[in-house]
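Asker: Pasting start12.cif here (mmCIF, C-alpha atoms and all ligand atoms):
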data_run
#
loop_
_atom_site.label_atom_id
_atom_site.label_comp_id
_atom_site.auth_asym_id
_atom_site.auth_seq_id
_atom_site.Cartn_x
_atom_site.Cartn_y
_atom_site.Cartn_z
CA MET D 211 71.32 -87.28 230.15
CA GLN D 212 68.75 -85.24 232.08
CA LYS D 213 65.80 -86.39 234.21
CA LEU D 214 62.64 -84.29 234.55
CA VAL D 215 62.07 -83.42 238.23
CA LYS D 216 60.19 -80.79 240.22
CA TYR D 217 61.75 -77.31 240.49
CA GLU D 218 62.13 -77.77 244.28
CA GLN D 219 64.44 -80.74 243.71
CA ALA D 220 66.52 -79.26 240.91
CA ILE D 221 67.13 -75.92 242.63
CA LYS D 222 68.77 -77.68 245.59
CA THR D 223 71.79 -78.15 243.30
CA LYS D 224 72.50 -74.38 243.28
CA TYR D 225 75.01 -74.34 246.17
CA PRO D 226 77.43 -72.74 246.83
CA GLU D 227 75.46 -69.49 246.77
CA GLN D 228 77.04 -66.14 247.47
CA VAL D 229 75.79 -64.18 250.46
CA VAL D 230 75.47 -60.40 250.66
CA ILE D 231 74.15 -58.07 253.33
CA ALA D 232 72.13 -55.14 251.95
CA ILE D 233 71.55 -52.13 254.21
CA ALA D 234 69.10 -49.23 253.90
CA LYS D 235 67.73 -46.73 256.43
CA ASP D 236 64.09 -46.43 257.42
CA LYS D 237 62.25 -43.15 257.88
CA GLU D 238 63.42 -42.93 261.51
CA GLY D 239 67.03 -43.16 260.31
CA LYS D 240 67.57 -46.71 261.57
CA ALA D 241 69.97 -48.67 259.33
CA ASN D 242 68.50 -52.13 258.64
CA PRO D 243 70.76 -54.93 257.40
CA VAL D 244 69.24 -57.87 255.51
CA THR D 245 71.02 -61.03 254.39
CA LEU D 246 70.41 -62.01 250.76
CA GLY D 247 71.50 -64.85 248.54
CA TRP D 248 69.53 -63.75 245.49
CA THR D 249 71.77 -61.08 244.03
CA MET D 250 73.75 -60.40 240.86
CA ILE D 251 75.90 -57.92 238.98
CA ALA D 252 73.41 -56.43 236.52
CA SER D 253 75.66 -54.11 234.45
CA GLY D 254 79.38 -53.53 234.05
CA ASP D 255 79.26 -50.02 232.53
CA PRO D 256 77.90 -48.33 234.48
CA PRO D 257 78.33 -50.82 237.30
CA MET D 258 74.92 -51.90 238.62
CA MET D 259 73.82 -54.55 241.10
CA ALA D 260 70.48 -56.30 241.61
CA ILE D 261 68.92 -57.81 244.72
CA ALA D 262 65.67 -59.77 245.11
CA VAL D 263 63.84 -58.96 248.36
CA ALA D 264 60.66 -60.76 249.52
CA LYS D 265 57.60 -58.52 249.42
CA THR D 266 56.91 -59.19 253.12
CA HIS D 267 60.35 -58.00 254.32
CA TYR D 268 60.81 -54.72 256.18
CA SER D 269 63.73 -54.00 253.80
CA ILE D 270 61.21 -53.24 251.04
CA LYS D 271 60.14 -50.19 253.07
CA THR D 272 63.69 -49.10 253.93
CA ILE D 273 64.97 -49.27 250.34
CA ARG D 274 61.89 -47.51 248.95
CA HIS D 275 62.19 -44.83 251.61
CA SER D 276 65.88 -44.05 251.23
CA LYS D 277 66.15 -44.76 247.47
CA CYS D 278 69.63 -46.13 248.05
CA PHE D 279 71.29 -49.10 249.72
CA THR D 280 74.70 -50.57 250.38
CA ILE D 281 75.75 -54.11 249.58
CA ALA D 282 78.40 -55.77 251.76
CA PHE D 283 80.20 -58.99 250.84
CA PRO D 284 80.49 -60.55 254.32
CA SER D 285 83.67 -62.35 255.27
CA ALA D 286 83.81 -65.99 256.40
CA GLU D 287 84.05 -64.79 260.04
CA MET D 288 80.73 -62.96 259.66
CA ALA D 289 78.52 -66.08 259.40
CA ASP D 290 76.80 -65.38 262.74
CA ALA D 291 76.02 -61.80 261.69
CA ALA D 292 74.64 -62.99 258.34
CA LEU D 293 72.42 -65.53 260.10
CA PHE D 294 71.24 -62.95 262.64
CA PHE D 295 70.49 -60.28 260.03
CA GLY D 296 68.81 -62.96 257.96
CA SER D 297 66.51 -64.21 260.71
CA LYS D 298 65.28 -61.04 262.49
CA SER D 299 63.09 -58.35 260.97
CA GLY D 300 63.82 -54.65 261.23
CA ARG D 301 60.06 -54.23 261.63
CA ASP D 302 60.38 -55.12 265.32
CA THR D 303 64.14 -55.06 266.04
CA ASP D 304 67.14 -52.76 265.69
CA LYS D 305 69.53 -55.37 264.30
CA PHE D 306 72.67 -53.27 264.69
CA ALA D 307 71.77 -52.54 268.35
CA ASP D 308 71.12 -56.24 269.03
CA PHE D 309 74.14 -57.74 267.26
CA ASP D 310 77.72 -56.49 267.54
CA CYS D 311 78.77 -55.77 263.95
CA ARG D 312 80.96 -52.77 263.14
CA ALA D 313 79.23 -50.31 260.79
CA VAL D 314 80.67 -47.04 259.48
CA PRO D 315 78.95 -44.29 257.45
CA ALA D 316 78.91 -44.70 253.68
CA LYS D 317 80.63 -41.95 251.66
CA LYS D 318 78.17 -41.23 248.84
CA VAL D 319 74.75 -42.53 249.97
CA ASP D 320 72.83 -42.27 253.27
CA SER D 321 73.56 -45.77 254.57
CA VAL D 322 76.37 -47.64 256.28
CA LEU D 323 79.22 -49.98 255.34
CA LEU D 324 80.28 -53.10 257.26
CA ALA D 325 83.83 -52.42 258.45
CA ASP D 326 84.88 -56.08 258.54
CA ALA D 327 83.34 -57.13 255.22
CA VAL D 328 85.43 -58.23 252.24
CA ALA D 329 83.99 -55.36 250.16
CA ASN D 330 81.16 -52.82 250.25
CA PHE D 331 79.28 -51.14 247.39
CA GLU D 332 77.18 -47.99 247.66
CA CYS D 333 74.16 -48.04 245.34
CA SER D 334 71.62 -45.43 244.32
CA LEU D 335 68.27 -47.01 243.46
CA GLU D 336 67.72 -46.99 239.69
CA TRP D 337 64.57 -49.07 239.33
CA GLN D 338 62.48 -51.79 240.96
CA LYS D 339 60.19 -54.42 239.54
CA PRO D 340 58.00 -57.12 241.09
CA ALA D 341 58.97 -60.71 240.29
CA GLY D 342 56.43 -63.08 241.84
CA ASP D 343 56.78 -62.92 245.62
CA HIS D 344 59.92 -60.73 245.49
CA ILE D 345 60.82 -57.21 244.33
CA ILE D 346 63.97 -56.84 242.27
CA PHE D 347 65.85 -53.65 243.12
CA VAL D 348 68.60 -52.49 240.78
CA GLY D 349 71.10 -49.96 242.05
CA LYS D 350 73.86 -48.02 240.30
CA VAL D 351 77.17 -48.42 242.14
CA VAL D 352 78.39 -44.94 243.10
CA ALA D 353 81.27 -45.97 245.40
CA SER D 354 83.16 -49.21 246.09
CA HIS D 355 85.35 -50.22 249.03
CA ILE D 356 87.60 -53.19 249.85
CA ASN D 357 89.02 -54.40 253.14
CA THR D 358 92.67 -53.53 253.68
CA LYS D 359 93.21 -57.06 255.09
CA PRO D 360 92.82 -60.21 252.97
CA LYS D 361 89.48 -61.86 253.78
CA LYS D 362 87.55 -64.86 252.43
CA ARG D 363 83.96 -64.40 251.27
CA LEU D 364 81.03 -66.07 252.97
CA TYR D 365 78.83 -68.50 251.02
CA THR D 366 75.83 -70.65 251.74
CA VAL D 367 77.15 -74.14 251.02
CA GLY D 368 74.03 -76.23 251.63
CA THR D 369 70.38 -76.26 252.61
CA GLY D 370 69.33 -74.88 255.99
CA HIS D 371 71.62 -71.85 255.60
CA LYS D 372 74.77 -73.96 256.07
CA MET D 373 77.61 -71.43 255.84
CA GLY D 374 81.15 -71.86 254.53
CA SER D 375 83.97 -70.34 252.49
CA PHE D 376 86.63 -71.33 249.95
CA SER D 377 90.35 -70.67 249.68
C1 LIG E 401 71.73 -67.02 253.96
C2 LIG E 401 70.43 -66.28 253.81
C3 LIG E 401 70.03 -65.88 252.53
C4 LIG E 401 68.83 -65.17 252.36
N1 LIG E 401 68.48 -64.75 251.11
C5 LIG E 401 67.37 -63.98 250.95
C6 LIG E 401 67.07 -63.42 249.66
O1 LIG E 401 67.78 -63.59 248.67
N2 LIG E 401 65.94 -62.66 249.55
C7 LIG E 401 65.12 -62.43 250.62
O2 LIG E 401 64.11 -61.72 250.47
N3 LIG E 401 65.39 -62.93 251.86
C8 LIG E 401 66.50 -63.68 252.04
N4 LIG E 401 66.82 -64.17 253.29
C9 LIG E 401 65.88 -63.94 254.40
C10 LIG E 401 65.98 -62.54 255.01
O3 LIG E 401 67.32 -62.15 255.25
C11 LIG E 401 65.20 -62.52 256.36
O4 LIG E 401 63.86 -62.89 256.15
C12 LIG E 401 65.29 -61.19 257.11
O5 LIG E 401 64.93 -61.45 258.44
C13 LIG E 401 64.40 -60.09 256.56
O6 LIG E 401 64.67 -58.92 257.29
P1 LIG E 401 63.83 -57.56 257.18
O7 LIG E 401 62.40 -57.87 257.53
O8 LIG E 401 64.50 -56.66 258.19
O9 LIG E 401 63.95 -57.04 255.79
C14 LIG E 401 68.01 -64.88 253.49
C15 LIG E 401 68.42 -65.29 254.77
C16 LIG E 401 69.62 -65.98 254.92
C17 LIG E 401 70.06 -66.38 256.30
#
As structure tokens, what does this structure read like?
Ligand SMILES: Cc1cc2nc3c(=O)[nH]c(=O)nc-3n(C[C@H](O)[C@H](O)[C@H](O)COP(=O)(O)O)c2cc1C
Answerer:
Amino acid sequence: MQKLVKYEQAIKTKYPEQVVIAIAKDKEGKANPVTLGWTMIASGDPPMMAIAVAKTHYSIKTIRHSKCFTIAFPSAEMADAALFFGSKSGRDTDKFADFDCRAVPAKKVDSVLLADAVANFECSLEWQKPAGDHIIFVGKVVASHINTKPKKRLYTVGTGHKMGSFS
């Protein structure tokens, strides 16, 4: 049986939600990481990934400028980094300068990978489309990387950005 409720109540049942960190460079060459829960695999062949970024975020500018981005799957140990990158704006901060998180150059696109992440994907921007207060960016995956050590993925497990992981 189902009960009709407001969207705001029903959507609270979505957890756990995966967390990714998308990174693109601005026109000064500064790499800007942004934490995102609204993301999906959009195509298997060719592999493509989608992210939904709020129209007000600095990341809109960085992705549009560089026409590429990387997507990192943060590990469970990276909860503090995910919260930091998801609470500061690259408009007025250099997040990588202000938070110690190992980044290494990507191989195929002009961005960076997170060295301690579970996996990283390099994406070239294919298309973008507004969806209400967000822009959906879809990127074609041009290179994929996994950590050489076994790592657990980071998830949001409850409201208020409560972080956790699963075995
Ligand atoms: C766990 C978590 C998930 C988030 N998911 C999204 C998301 O899916 N889309 C989005 O636009 N912002 C999301 N945010 C908020 C942005 O990461 C945050 O506003 C960030 O500071 C924007 O940075 P920027 O201005 O440098 O782009 C999330 C934040 C956290 C902590």
Asker: Name each residue within 7 Å of ligand LIG 401 (chain E), counting only C-alpha atoms and all ligand atoms, as a PyMOL selection string.
Answerer: chain D and resi 229+242-249+262-264+267-270+292-293+295-301+344+366+371
Asker: Using the selection just defined, write its residues with C-alpha atoms as an mmCIF file, in the frame of the given file.
Answerer:
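See selection.cif below for the written result:
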data_model
loop_
_atom_site.group_PDB
_atom_site.id
_atom_site.type_symbol
_atom_site.label_atom_id
_atom_site.label_comp_id
_atom_site.auth_asym_id
_atom_site.auth_seq_id
_atom_site.Cartn_x
_atom_site.Cartn_y
_atom_site.Cartn_z
ATOM 1 C CA VAL D 229 75.790 -64.180 250.460
ATOM 2 C CA ASN D 242 68.500 -52.130 258.640
ATOM 3 C CA PRO D 243 70.760 -54.930 257.400
ATOM 4 C CA VAL D 244 69.240 -57.870 255.510
ATOM 5 C CA THR D 245 71.020 -61.030 254.390
ATOM 6 C CA LEU D 246 70.410 -62.010 250.760
ATOM 7 C CA GLY D 247 71.500 -64.850 248.540
ATOM 8 C CA TRP D 248 69.530 -63.750 245.490
ATOM 9 C CA THR D 249 71.770 -61.080 244.030
ATOM 10 C CA ALA D 262 65.670 -59.770 245.110
ATOM 11 C CA VAL D 263 63.840 -58.960 248.360
ATOM 12 C CA ALA D 264 60.660 -60.760 249.520
ATOM 13 C CA HIS D 267 60.350 -58.000 254.320
ATOM 14 C CA TYR D 268 60.810 -54.720 256.180
ATOM 15 C CA SER D 269 63.730 -54.000 253.800
ATOM 16 C CA ILE D 270 61.210 -53.240 251.040
ATOM 17 C CA ALA D 292 74.640 -62.990 258.340
ATOM 18 C CA LEU D 293 72.420 -65.530 260.100
ATOM 19 C CA PHE D 295 70.490 -60.280 260.030
ATOM 20 C CA GLY D 296 68.810 -62.960 257.960
ATOM 21 C CA SER D 297 66.510 -64.210 260.710
ATOM 22 C CA LYS D 298 65.280 -61.040 262.490
ATOM 23 C CA SER D 299 63.090 -58.350 260.970
ATOM 24 C CA GLY D 300 63.820 -54.650 261.230
ATOM 25 C CA ARG D 301 60.060 -54.230 261.630
ATOM 26 C CA HIS D 344 59.920 -60.730 245.490
ATOM 27 C CA THR D 366 75.830 -70.650 251.740
ATOM 28 C CA HIS D 371 71.620 -71.850 255.600
#
Asker: Ranking D:Ile261, D:Ile281, D:Val328, D:Leu214 by minimum distance to Ile233 of chain D and counting only C-alpha atoms, which one comes first?
Answerer: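 Checking each of D:Ile261, D:Ile281, D:Val328, D:Leu214 against Ile233 of chain D, counting only C-alpha atoms, the winner is D:Ile281.
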Asker: Using all atoms listed in the file for the distances, tell me which of D:Ser375, D:Asn330, D:Thr272, D:Thr369 is nearest to Gly239 of chain D.
Answerer: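 Comparing D:Ser375, D:Asn330, D:Thr272, D:Thr369 against Gly239 of chain D, the winner is D:Thr272.
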Asker: So what do you get for atom CA of Ile345 of chain D versus atom CA of Cys278 of chain D, distance-wise?
Answerer: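 Pair atom CA of Ile345 of chain D / atom CA of Cys278 of chain D returns 14.6 Å.
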Asker: So how far away is atom CA of Lys350 of chain D from atom CA of Pro256 of chain D, in Å?
Answerer: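 These two atoms are separated by 7.1 Å.
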Asker: Taking only C-alpha atoms into account, name the residue in D:Ile231, D:Val352, D:Ile251, D:Leu335 that is nearest to Met288 of chain D.
Answerer: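 Smallest separation from Met288 of chain D among the options: D:Ile231.
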Asker: Please indicate the distance in Å from atom CA of Val322 of chain D to atom CA of Asp255 of chain D, rounded to one decimal place.
Answerer: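 Separation of atom CA of Val322 of chain D and atom CA of Asp255 of chain D: 24.0 Å.
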Asker: Between D:Lys271, D:Glu238, D:Lys277, D:Arg312, which residue has the minimum interatomic distance to Ala291 of chain D, considering all atoms listed in the file?
Answerer: D:Arg312
Asker: I need the residue nearest Ala286 of chain D from this list: D:Lys362, D:Lys317, D:Lys265, D:Lys305. Use only C-alpha atoms for the distance.
Answerer: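 Closest to Ala286 of chain D, using only C-alpha atoms: D:Lys362.
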Asker: So that I can see what lies close to Ser377 of chain D, please list as a list in words the residues with an atom at most 12 Å from it, counting only C-alpha atoms and leaving out residues fewer than 5 positions away in the same chain.
Answerer: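 Counting only C-alpha atoms, the residues come to Ala286, Pro360, Lys361, Lys362, Arg363, Leu364 and Tyr365 of chain D.
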Asker: For Asn357 of chain D, which of D:Ile221, D:Ala316, D:Ala282, D:Met373 is the closest residue, counting all atoms listed in the file?
Answerer: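 Counting all atoms listed in the file, the residue closest to Asn357 of chain D is D:Ala282.
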Asker: Which residues are near Trp337 of chain D? Cut-off 9 Å, all atoms listed in the file, ignore same chain within fewer than 4 positions. Put them as a list of chain:residue names.
Answerer: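 The residues that qualify are D:Ile346, D:Phe347, D:Val348, D:Gly349.
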Asker: For Phe283 of chain D, work out the shell of residues within 6 Å, counting only C-alpha atoms and skipping chain neighbours fewer than 5 positions away, then give it as a ChimeraX atom specification.
Answerer: /D:230,327-329
Asker: Excluding Pro315 of chain D and any residue of its chain fewer than 3 positions from it, enumerate the residues within 12 Å of it, using all atoms listed in the file, and give them as a ChimeraX atom specification.
Answerer: /D:233-235,241,279-280,312,318-325,330,332
Asker: The selected residues should be written to file as a PDB file, keeping the file's coordinate frame (atoms: C-alpha atoms).
Answerer:
ATOM      1  CA  ILE D 233      71.550 -52.130 254.210  1.00  0.00           C
ATOM      2  CA  ALA D 234      69.100 -49.230 253.900  1.00  0.00           C
ATOM      3  CA  LYS D 235      67.730 -46.730 256.430  1.00  0.00           C
ATOM      4  CA  ALA D 241      69.970 -48.670 259.330  1.00  0.00           C
ATOM      5  CA  PHE D 279      71.290 -49.100 249.720  1.00  0.00           C
ATOM      6  CA  THR D 280      74.700 -50.570 250.380  1.00  0.00           C
ATOM      7  CA  ARG D 312      80.960 -52.770 263.140  1.00  0.00           C
ATOM      8  CA  LYS D 318      78.170 -41.230 248.840  1.00  0.00           C
ATOM      9  CA  VAL D 319      74.750 -42.530 249.970  1.00  0.00           C
ATOM     10  CA  ASP D 320      72.830 -42.270 253.270  1.00  0.00           C
ATOM     11  CA  SER D 321      73.560 -45.770 254.570  1.00  0.00           C
ATOM     12  CA  VAL D 322      76.370 -47.640 256.280  1.00  0.00           C
ATOM     13  CA  LEU D 323      79.220 -49.980 255.340  1.00  0.00           C
ATOM     14  CA  LEU D 324      80.280 -53.100 257.260  1.00  0.00           C
ATOM     15  CA  ALA D 325      83.830 -52.420 258.450  1.00  0.00           C
ATOM     16  CA  ASN D 330      81.160 -52.820 250.250  1.00  0.00           C
ATOM     17  CA  GLU D 332      77.180 -47.990 247.660  1.00  0.00           C
TER      18      GLU D 332
END
Asker: Take every atom of segment 290-308 of chain D listed in the file, pad by 8 Å on each side, and give me the axis-aligned box centre and edge lengths in Å, one decimal, as AutoDock Vina command-line options.
Answerer:
--center_x 68.4 --center_y -59.0 --center_z 263.5 --size_x 32.7 --size_y 29.0 --size_z 27.1
